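S.K.: File name protein12.cif; file contents mmCIF, C-alpha atoms; full text below.
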```cif
data_coords
#
loop_
_atom_site.label_atom_id
_atom_site.label_comp_id
_atom_site.auth_asym_id
_atom_site.auth_seq_id
_atom_site.Cartn_x
_atom_site.Cartn_y
_atom_site.Cartn_z
CA MET A 1 63.84 -54.75 7.75
CA GLN A 2 65.69 -51.49 8.35
CA ALA A 3 67.09 -48.81 6.09
CA ALA A 4 70.68 -49.45 5.12
CA ALA A 5 73.22 -47.76 7.38
CA SER A 6 75.14 -45.47 5.05
CA GLY A 7 76.12 -41.84 5.21
CA ASP A 8 73.43 -40.75 2.78
CA LEU A 9 69.87 -39.83 3.79
CA THR A 10 66.80 -40.63 1.72
CA ALA A 11 63.46 -38.84 1.93
CA SER A 12 60.39 -39.78 -0.07
CA GLY A 13 56.61 -39.46 0.14
CA SER A 14 54.33 -36.46 -0.12
CA SER A 15 54.73 -34.09 -3.04
CA THR A 16 53.01 -31.47 -0.87
CA VAL A 17 55.77 -31.70 1.76
CA TYR A 18 58.46 -32.18 -0.90
CA PRO A 19 59.19 -28.43 -1.40
CA LEU A 20 59.67 -28.02 2.37
CA THR A 21 62.08 -30.94 2.75
CA ARG A 22 63.89 -30.07 -0.47
CA GLU A 23 64.46 -26.52 0.82
CA ALA A 24 65.53 -27.79 4.24
CA ALA A 25 67.96 -30.22 2.58
CA ARG A 26 69.35 -27.51 0.29
CA ARG A 27 70.06 -25.24 3.24
CA TYR A 28 71.53 -28.06 5.31
CA GLU A 29 73.82 -29.24 2.50
CA ARG A 30 75.00 -25.67 1.92
CA ALA A 31 76.03 -25.45 5.60
CA ASN A 32 77.35 -29.04 5.62
CA PRO A 33 79.04 -29.72 2.26
CA ASP A 34 79.70 -33.39 3.06
CA ALA A 35 76.01 -34.11 3.60
CA ASN A 36 74.05 -35.88 0.86
CA ILE A 37 70.26 -35.88 1.19
CA ALA A 38 68.22 -37.39 -1.63
CA VAL A 39 64.66 -35.98 -1.72
CA GLU A 40 61.99 -37.35 -4.07
CA PHE A 41 58.21 -37.43 -4.18
CA THR A 42 55.97 -40.43 -4.75
CA GLY A 43 52.85 -39.41 -2.81
CA THR A 44 52.26 -40.00 0.88
CA THR A 45 50.70 -43.44 0.48
CA ALA A 46 53.39 -44.74 -1.87
CA GLY A 47 55.99 -43.13 0.41
CA PHE A 48 54.71 -45.05 3.44
CA GLU A 49 55.02 -48.28 1.44
CA LYS A 50 58.73 -47.61 1.00
CA PHE A 51 59.20 -46.23 4.51
CA CYS A 52 57.49 -49.15 6.23
CA ALA A 53 59.61 -51.54 4.17
CA GLY A 54 62.69 -49.84 5.63
CA GLU A 55 63.75 -48.38 2.28
CA THR A 56 63.85 -44.69 3.28
CA ASP A 57 65.01 -42.70 6.29
CA ILE A 58 62.30 -40.03 6.10
CA ASN A 59 58.75 -40.09 4.84
CA ASN A 60 57.18 -36.76 4.01
CA ALA A 61 53.47 -37.05 4.79
CA SER A 62 50.46 -34.83 4.19
CA ARG A 63 48.37 -36.96 6.57
CA PRO A 64 49.08 -39.10 9.65
CA ILE A 65 50.16 -42.70 9.16
CA ASP A 66 47.10 -44.95 9.07
CA GLU A 67 46.37 -48.20 10.91
CA SER A 68 47.32 -50.52 8.05
CA GLU A 69 50.60 -48.68 7.50
CA ARG A 70 51.40 -48.86 11.21
CA ALA A 71 50.86 -52.61 11.03
CA VAL A 72 53.24 -52.96 8.08
CA CYS A 73 55.89 -50.89 9.86
CA ALA A 74 55.50 -53.07 12.96
CA SER A 75 55.76 -56.29 10.95
CA ASN A 76 59.04 -55.03 9.45
CA ASP A 77 60.37 -53.78 12.82
CA VAL A 78 60.39 -50.21 11.53
CA ALA A 79 59.96 -47.88 14.51
CA TYR A 80 59.47 -44.21 13.78
CA VAL A 81 59.04 -40.71 15.18
CA GLU A 82 56.23 -38.46 13.94
CA VAL A 83 57.31 -34.83 13.49
CA PRO A 84 54.63 -32.16 12.76
CA ILE A 85 56.35 -29.66 10.49
CA ALA A 86 53.87 -27.13 9.04
CA MET A 87 50.25 -26.34 8.24
CA ASP A 88 48.71 -26.65 4.82
CA ALA A 89 45.41 -25.64 3.32
CA ILE A 90 44.08 -27.47 0.28
CA SER A 91 43.43 -24.83 -2.34
CA ILE A 92 40.63 -24.89 -4.91
CA VAL A 93 41.83 -23.20 -8.08
CA VAL A 94 40.46 -22.36 -11.51
CA HIS A 95 41.73 -20.79 -14.72
CA PRO A 96 42.40 -17.03 -14.33
CA SER A 97 39.94 -16.20 -17.12
CA ASN A 98 37.08 -17.66 -15.05
CA ARG A 99 34.83 -14.66 -14.23
CA TRP A 100 31.82 -16.47 -12.75
CA ALA A 101 33.35 -18.52 -9.90
CA ASN A 102 34.81 -16.61 -6.96
CA ASP A 103 33.82 -19.06 -4.25
CA ILE A 104 32.45 -22.58 -3.87
CA THR A 105 30.66 -24.32 -1.02
CA VAL A 106 31.62 -27.60 0.63
CA ASP A 107 28.26 -29.02 -0.54
CA GLU A 108 29.05 -28.01 -4.13
CA LEU A 109 32.48 -29.62 -3.89
CA HIS A 110 30.82 -32.77 -2.56
CA ARG A 111 28.37 -32.78 -5.47
CA LEU A 112 31.21 -32.21 -7.93
CA TRP A 113 33.64 -34.88 -6.65
CA SER A 114 31.37 -37.69 -5.42
CA PRO A 115 31.61 -41.02 -7.31
CA ALA A 116 27.94 -40.75 -8.32
CA SER A 117 28.69 -37.47 -10.13
CA GLU A 118 30.85 -39.13 -12.76
CA GLY A 119 29.09 -38.66 -16.08
CA GLU A 120 26.35 -36.63 -14.37
CA VAL A 121 27.87 -33.38 -13.08
CA MET A 122 29.72 -32.30 -16.19
CA THR A 123 29.15 -28.55 -16.54
CA TRP A 124 29.56 -25.51 -14.35
CA ARG A 125 25.77 -25.09 -14.33
CA ASP A 126 25.45 -28.61 -12.87
CA VAL A 127 27.36 -27.30 -9.84
CA ARG A 128 25.59 -23.93 -9.42
CA ALA A 129 22.56 -22.83 -11.41
CA SER A 130 23.90 -19.31 -11.98
CA TRP A 131 27.12 -20.59 -13.58
CA PRO A 132 27.38 -21.11 -17.35
CA ASP A 133 26.40 -24.27 -19.19
CA GLU A 134 30.01 -24.96 -20.13
CA SER A 135 32.12 -28.09 -19.58
CA ILE A 136 34.05 -28.29 -16.32
CA GLU A 137 37.44 -30.00 -16.54
CA LEU A 138 38.69 -31.50 -13.28
CA PHE A 139 42.27 -31.83 -12.02
CA GLY A 140 43.55 -33.15 -8.71
CA ARG A 141 46.00 -35.24 -6.82
CA GLY A 142 46.46 -38.92 -7.60
CA GLN A 143 45.41 -41.90 -5.51
CA ASP A 144 48.89 -42.36 -3.98
CA SER A 145 48.60 -38.89 -2.48
CA GLY A 146 47.83 -38.00 1.12
CA THR A 147 46.21 -34.87 -0.25
CA TYR A 148 43.77 -37.06 -2.18
CA ASP A 149 43.10 -39.07 0.99
CA TYR A 150 42.44 -35.95 3.03
CA PHE A 151 40.37 -34.22 0.35
CA THR A 152 38.12 -37.22 -0.24
CA THR A 153 37.63 -37.75 3.49
CA ALA A 154 36.78 -34.10 4.11
CA ILE A 155 34.71 -33.43 0.98
CA VAL A 156 33.27 -36.75 -0.23
CA GLY A 157 32.99 -38.30 3.22
CA THR A 158 34.83 -41.54 2.35
CA THR A 159 38.61 -41.84 2.17
CA ARG A 160 39.98 -42.60 -1.32
CA SER A 161 36.55 -42.41 -2.90
CA SER A 162 35.76 -39.95 -5.69
CA ARG A 163 34.75 -39.70 -9.30
CA MET A 164 37.63 -40.90 -11.46
CA ASP A 165 37.08 -38.92 -14.65
CA TYR A 166 39.63 -36.26 -13.75
CA VAL A 167 43.28 -35.61 -14.59
CA ALA A 168 45.25 -36.99 -11.64
CA SER A 169 48.90 -36.43 -10.82
CA GLU A 170 51.30 -36.48 -7.86
CA ASP A 171 53.13 -33.53 -9.43
CA GLU A 172 51.71 -30.14 -8.41
CA GLU A 173 53.78 -28.39 -11.08
CA PHE A 174 52.13 -30.50 -13.78
CA LEU A 175 48.66 -29.83 -12.36
CA ALA A 176 49.26 -26.08 -12.12
CA ALA A 177 50.42 -25.97 -15.75
CA GLN A 178 47.41 -27.98 -16.93
CA ILE A 179 44.90 -25.82 -15.04
CA ALA A 180 46.57 -22.65 -16.33
CA ALA A 181 46.10 -23.93 -19.88
CA GLU A 182 42.45 -25.03 -19.61
CA PRO A 183 39.79 -22.26 -19.35
CA GLY A 184 37.18 -24.67 -17.96
CA ALA A 185 39.47 -26.11 -15.30
CA LEU A 186 38.92 -26.61 -11.57
CA GLY A 187 41.49 -28.41 -9.44
CA PHE A 188 42.82 -28.99 -5.95
CA PHE A 189 46.26 -29.25 -4.35
CA GLY A 190 48.22 -27.81 -1.42
CA ILE A 191 48.33 -24.05 -0.90
CA GLY A 192 52.06 -24.01 -1.67
CA GLY A 193 51.28 -25.08 -5.23
CA TYR A 194 48.96 -22.09 -5.60
CA HIS A 195 51.44 -19.65 -4.08
CA ARG A 196 54.15 -20.81 -6.48
CA HIS A 197 51.78 -20.06 -9.39
CA TRP A 198 49.55 -17.29 -8.04
CA ASN A 199 49.93 -15.25 -11.22
CA GLU A 200 48.76 -18.16 -13.42
CA LEU A 201 45.79 -19.41 -11.37
CA LYS A 202 42.71 -18.06 -9.62
CA LEU A 203 42.03 -19.09 -6.02
CA LEU A 204 38.47 -19.72 -4.85
CA ALA A 205 37.15 -19.03 -1.36
CA VAL A 206 35.42 -22.00 0.30
CA ALA A 207 32.19 -21.71 2.27
CA ASN A 208 31.30 -24.29 4.91
CA SER A 209 27.84 -23.22 6.22
CA ASP A 210 29.14 -19.65 6.64
CA GLN A 211 30.75 -16.91 4.59
CA PRO A 212 33.32 -17.96 1.96
CA VAL A 213 36.87 -17.98 3.35
CA PHE A 214 40.19 -17.80 1.54
CA PRO A 215 43.06 -19.92 2.89
CA THR A 216 45.47 -17.56 4.67
CA LEU A 217 47.74 -17.79 7.69
CA GLU A 218 45.09 -16.04 9.78
CA THR A 219 42.08 -18.08 8.65
CA VAL A 220 43.93 -21.36 9.05
CA LYS A 221 45.18 -20.42 12.54
CA ARG A 222 41.68 -19.36 13.59
CA GLY A 223 40.21 -22.61 12.29
CA GLU A 224 38.03 -20.76 9.78
CA TYR A 225 39.19 -22.48 6.59
CA THR A 226 37.43 -25.75 7.19
CA PRO A 227 37.47 -28.60 6.44
CA LEU A 228 40.47 -28.17 4.13
CA SER A 229 43.23 -27.23 6.62
CA ARG A 230 45.60 -29.91 7.86
CA PRO A 231 49.04 -30.42 9.43
CA LEU A 232 52.02 -31.77 7.49
CA TYR A 233 54.51 -34.28 8.91
CA LEU A 234 57.89 -35.91 8.70
CA TYR A 235 58.29 -39.52 9.80
CA LEU A 236 61.80 -40.47 10.88
CA ASN A 237 63.07 -44.04 10.97
CA ARG A 238 64.35 -44.59 14.55
CA GLN A 239 66.98 -47.13 13.52
CA SER A 240 68.27 -44.78 10.85
CA ALA A 241 68.57 -42.08 13.50
CA LYS A 242 70.86 -44.42 15.47
CA ASP A 243 72.85 -45.63 12.47
CA LYS A 244 73.10 -42.28 10.75
CA PRO A 245 73.84 -39.34 13.11
CA GLU A 246 73.32 -37.04 10.12
CA LEU A 247 69.58 -37.80 10.23
CA HIS A 248 69.23 -36.40 13.73
CA ARG A 249 71.32 -33.34 12.91
CA PHE A 250 69.28 -32.69 9.77
CA ALA A 251 65.95 -33.06 11.59
CA MET A 252 67.08 -30.64 14.30
CA ALA A 253 68.26 -28.09 11.74
CA TYR A 254 65.01 -28.49 9.78
CA VAL A 255 62.79 -27.78 12.79
CA GLU A 256 65.03 -25.05 14.24
CA GLY A 257 65.19 -23.13 10.97
CA ILE A 258 61.85 -23.60 9.27
CA ARG A 259 60.15 -20.51 10.70
CA ASP A 260 62.87 -18.39 9.05
CA TRP A 261 62.23 -19.63 5.53
CA ILE A 262 58.85 -21.37 5.35
CA HIS A 263 57.25 -18.25 3.81
CA PHE A 264 59.35 -18.80 0.68
CA THR A 265 57.53 -22.11 0.09
CA GLY A 266 53.99 -20.77 0.51
CA TYR A 267 53.15 -23.02 3.47
CA LEU A 268 52.13 -21.96 6.96
CA PRO A 269 54.21 -22.33 10.16
CA LEU A 270 53.08 -24.05 13.31
CA GLU A 271 52.97 -22.14 16.58
CA GLU A 272 56.39 -21.47 18.09
CA GLN A 273 55.62 -23.67 21.11
CA GLU A 274 54.83 -26.62 18.84
CA TYR A 275 58.29 -26.38 17.30
CA ALA A 276 59.84 -26.09 20.77
CA ASP A 277 58.01 -29.27 21.85
CA THR A 278 59.19 -31.08 18.72
CA LEU A 279 62.80 -30.07 19.35
CA ASP A 280 62.53 -31.44 22.89
CA ALA A 281 61.26 -34.74 21.49
CA LEU A 282 64.12 -34.86 18.97
CA ARG A 283 66.68 -34.23 21.72
CA GLN A 284 65.21 -37.18 23.63
CA LEU A 285 65.53 -39.30 20.49
CA GLU A 286 69.26 -38.57 20.39
CA SER A 287 69.70 -39.87 23.94
CA GLN A 288 67.75 -43.11 23.38
#
```
Kindly present the structure from the file in structure tokens form.
M.R.:
Amino acid sequence: MQAAASGDLTASGSSTVYPLTREAARRYERANPDANIAVEFTGTTAGFEKFCAGETDINNASRPIDESERAVCASNDVAYVEVPIAMDAISIVVHPSNRWANDITVDELHRLWSPASEGEVMTWRDVRASWPDESIELFGRGQDSGTYDYFTTAIVGTTRSSRMDYVASEDEEFLAAQIAAEPGALGFFGIGGYHRHWNELKLLAVANSDQPVFPTLETVKRGEYTPLSRPLYLYLNRQSAKDKPELHRFAMAYVEGIRDWIHFTGYLPLEEQEYADTLDALRQLESQ
């Protein structure tokens, strides 16, 4: 099954990548008034379900496609191109009135989010003895999210495994508003969500066997913000690229221009050579 060959382009998937593709589409449509690019978010996993069924032209993804998704794409004759587009760092945030937590360790995050902690690790003191004996309210990405997949793999040690007594959503705007309204809150989502709400949230540094590190362009590039740094992707339907020339033009414009405007979204650019390599691959796609 292939995406229908019409003039319109459809992009779904990751809500982390959504602000990037939405901005790229806005700029492209402004320069090309006849273009019509529909951008939505469903979460990376739910997005791959649609993409591998041939229902969308682009899947925004906050993790690479997995083996089972590759198999579904293959069974539906959906060939694709993987396009690295930016770097993200999963941010750990709390309410701005929180005066005791300035950093958190990977081990503490593991203790907090493991399935066995449900009903057991319920207060800040349960996480760190010097923190107050007050209820901790958890917020994070939902189970259709690539961010959830990545976070659970990196922190819990098992993909899609965590305690479930937390407020889950694919919408970063909703999560940011909820955390900003709950003094006992701790949550996780992409760094762009924090940057869009930096004045309403407090960012924690993360320590992984060394000194606590904040997620910045420099620490991510140097590989110091571990294990919560990861690349972000676009997946392009190859048949759509043949049937809809607009898809190739949009992808080229997206990659060529992103370094000029990515700072507005709060995400982190790839190295210049990585974008050059991607553009070469996209030019080859046009000739195939």
S.K.: With only C-alpha atoms as the counted atoms, please give the residues lying no more than 9 Å from Asn36 (chain A), apart from itself and same-chain residues fewer than 3 positions off, as an MDAnalysis selection string.
M.R.: chainID A and resid 7:10 25 29 32:33
S.K.: Can you work out which one of A:Asp260, A:Glu286, A:Asp144, A:Asp149 has the shortest atom-to-atom distance to Lys242 (chain A), counting only C-alpha atoms?
M.R.: A:Glu286
S.K.: Pick from A:Gly142, A:Ala180, A:Val94, A:Arg222: nearest to Arg160 (chain A), with only C-alpha atoms counted?
M.R.: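 Answer, going by the shortest atom-to-atom distance: A:Gly142.
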S.K.: So which residues get picked by the PyMOL selection byres ((chain A and resi 61-70) around 10) here, written as a PyMOL selection string?
M.R.: chain A and resi 12-18+43-45+47-49+51-52+58-60+71-76+78-80+82-88+145-150+190+230-235
S.K.: For Leu247 (chain A), which of A:Leu285, A:Arg30, A:Glu182, A:Val121 is the closest residue, counting all atoms listed in the file?
M.R.: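 Closest residue, counting all atoms listed in the file: A:Leu285.
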S.K.: Could you tell me which residues the PyMOL selection byres ((chain A and resi 98) around 10) grabs in this file, written as a PyMOL selection string?
M.R.: chain A and resi 94-97+99-102+183-186+201-202
S.K.: With C-alpha atoms retained, could you export that selection as a PDB file, in the frame of the given file?
M.R.:
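Once written, selection-v4.pdb looks like this:
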```
ATOM      1  CA  VAL A  94      40.460 -22.360 -11.510  1.00  0.00           C
ATOM      2  CA  HIS A  95      41.730 -20.790 -14.720  1.00  0.00           C
ATOM      3  CA  PRO A  96      42.400 -17.030 -14.330  1.00  0.00           C
ATOM      4  CA  SER A  97      39.940 -16.200 -17.120  1.00  0.00           C
ATOM      5  CA  ARG A  99      34.830 -14.660 -14.230  1.00  0.00           C
ATOM      6  CA  TRP A 100      31.820 -16.470 -12.750  1.00  0.00           C
ATOM      7  CA  ALA A 101      33.350 -18.520  -9.900  1.00  0.00           C
ATOM      8  CA  ASN A 102      34.810 -16.610  -6.960  1.00  0.00           C
ATOM      9  CA  PRO A 183      39.790 -22.260 -19.350  1.00  0.00           C
ATOM     10  CA  GLY A 184      37.180 -24.670 -17.960  1.00  0.00           C
ATOM     11  CA  ALA A 185      39.470 -26.110 -15.300  1.00  0.00           C
ATOM     12  CA  LEU A 186      38.920 -26.610 -11.570  1.00  0.00           C
ATOM     13  CA  LEU A 201      45.790 -19.410 -11.370  1.00  0.00           C
ATOM     14  CA  LYS A 202      42.710 -18.060  -9.620  1.00  0.00           C
TER      15      LYS A 202
END
```
S.K.: Run the PyMOL selection byres ((chain A and resi 248) around 12) against the file shown and list the residues it catches, as a PyMOL selection string.
M.R.: chain A and resi 9+57-58+81+236-247+249-255+279+281-288
S.K.: Using all atoms listed in the file, which of the listed residues (A:Trp124, A:Trp261, A:Gln273, A:Ile90) sits closest to Arg26 (chain A)?
M.R.: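 Looking only at the distances to Arg26 (chain A), the closest residue turns out to be A:Trp261.
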S.K.: Counting only C-alpha atoms, which residue out of A:Thr158, A:Thr56, A:Thr152, A:Thr219 sits closest to Glu40 (chain A)?
M.R.: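 Looking at the shortest contact to Glu40 (chain A), the residue is A:Thr56.
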S.K.: Can you tell me how far CA of Phe151 (chain A) sits from CA of Glu224 (chain A), in Å to one decimal?
M.R.: 16.6 Å
S.K.: Can you list every residue of region 136-163 of chain A that has an atom at most 6 Å from region 105-114 of chain A, with its nearest atom pair and the distance in Å to one decimal, using only C-alpha atoms, ordered by chain then number, as JSON lines?
M.R.:
```
{"residue": "A:Ile155", "atom": "CA", "partner": "A:His110", "partner_atom": "CA", "distance": 5.3}
{"residue": "A:Val156", "atom": "CA", "partner": "A:His110", "partner_atom": "CA", "distance": 5.2}
{"residue": "A:Ser162", "atom": "CA", "partner": "A:Ser114", "partner_atom": "CA", "distance": 4.9}
{"residue": "A:Arg163", "atom": "CA", "partner": "A:Ser114", "partner_atom": "CA", "distance": 5.5}
```
S.K.: What is the CA of Ile92 (chain A)-CA of Phe189 (chain A) distance in Å, reported with one decimal?
M.R.: 7.1 Å
S.K.: What is the distance between CA of Asp126 (chain A) and CA of Ser161 (chain A), in Å to one decimal?
M.R.: 20.3 Å
S.K.: Find the residue from A:Leu203, A:Leu20, A:Ala89, A:Leu270 that sits nearest to Pro227 (chain A); use all atoms listed in the file when measuring.
M.R.: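 Between A:Leu203, A:Leu20, A:Ala89, A:Leu270, the residue approaching Pro227 (chain A) most closely is A:Ala89.
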S.K.: Build an axis-aligned box that encloses every atom of region 194-210 of chain A listed in the file, pad it by 4 Å on each side, and report its centre and edge lengths in Å to one decimal, as AutoDock Vina command-line options.
M.R.:
```
--center_x 41.0 --center_y -19.8 --center_z -3.4 --size_x 34.3 --size_y 17.0 --size_z 28.1
```
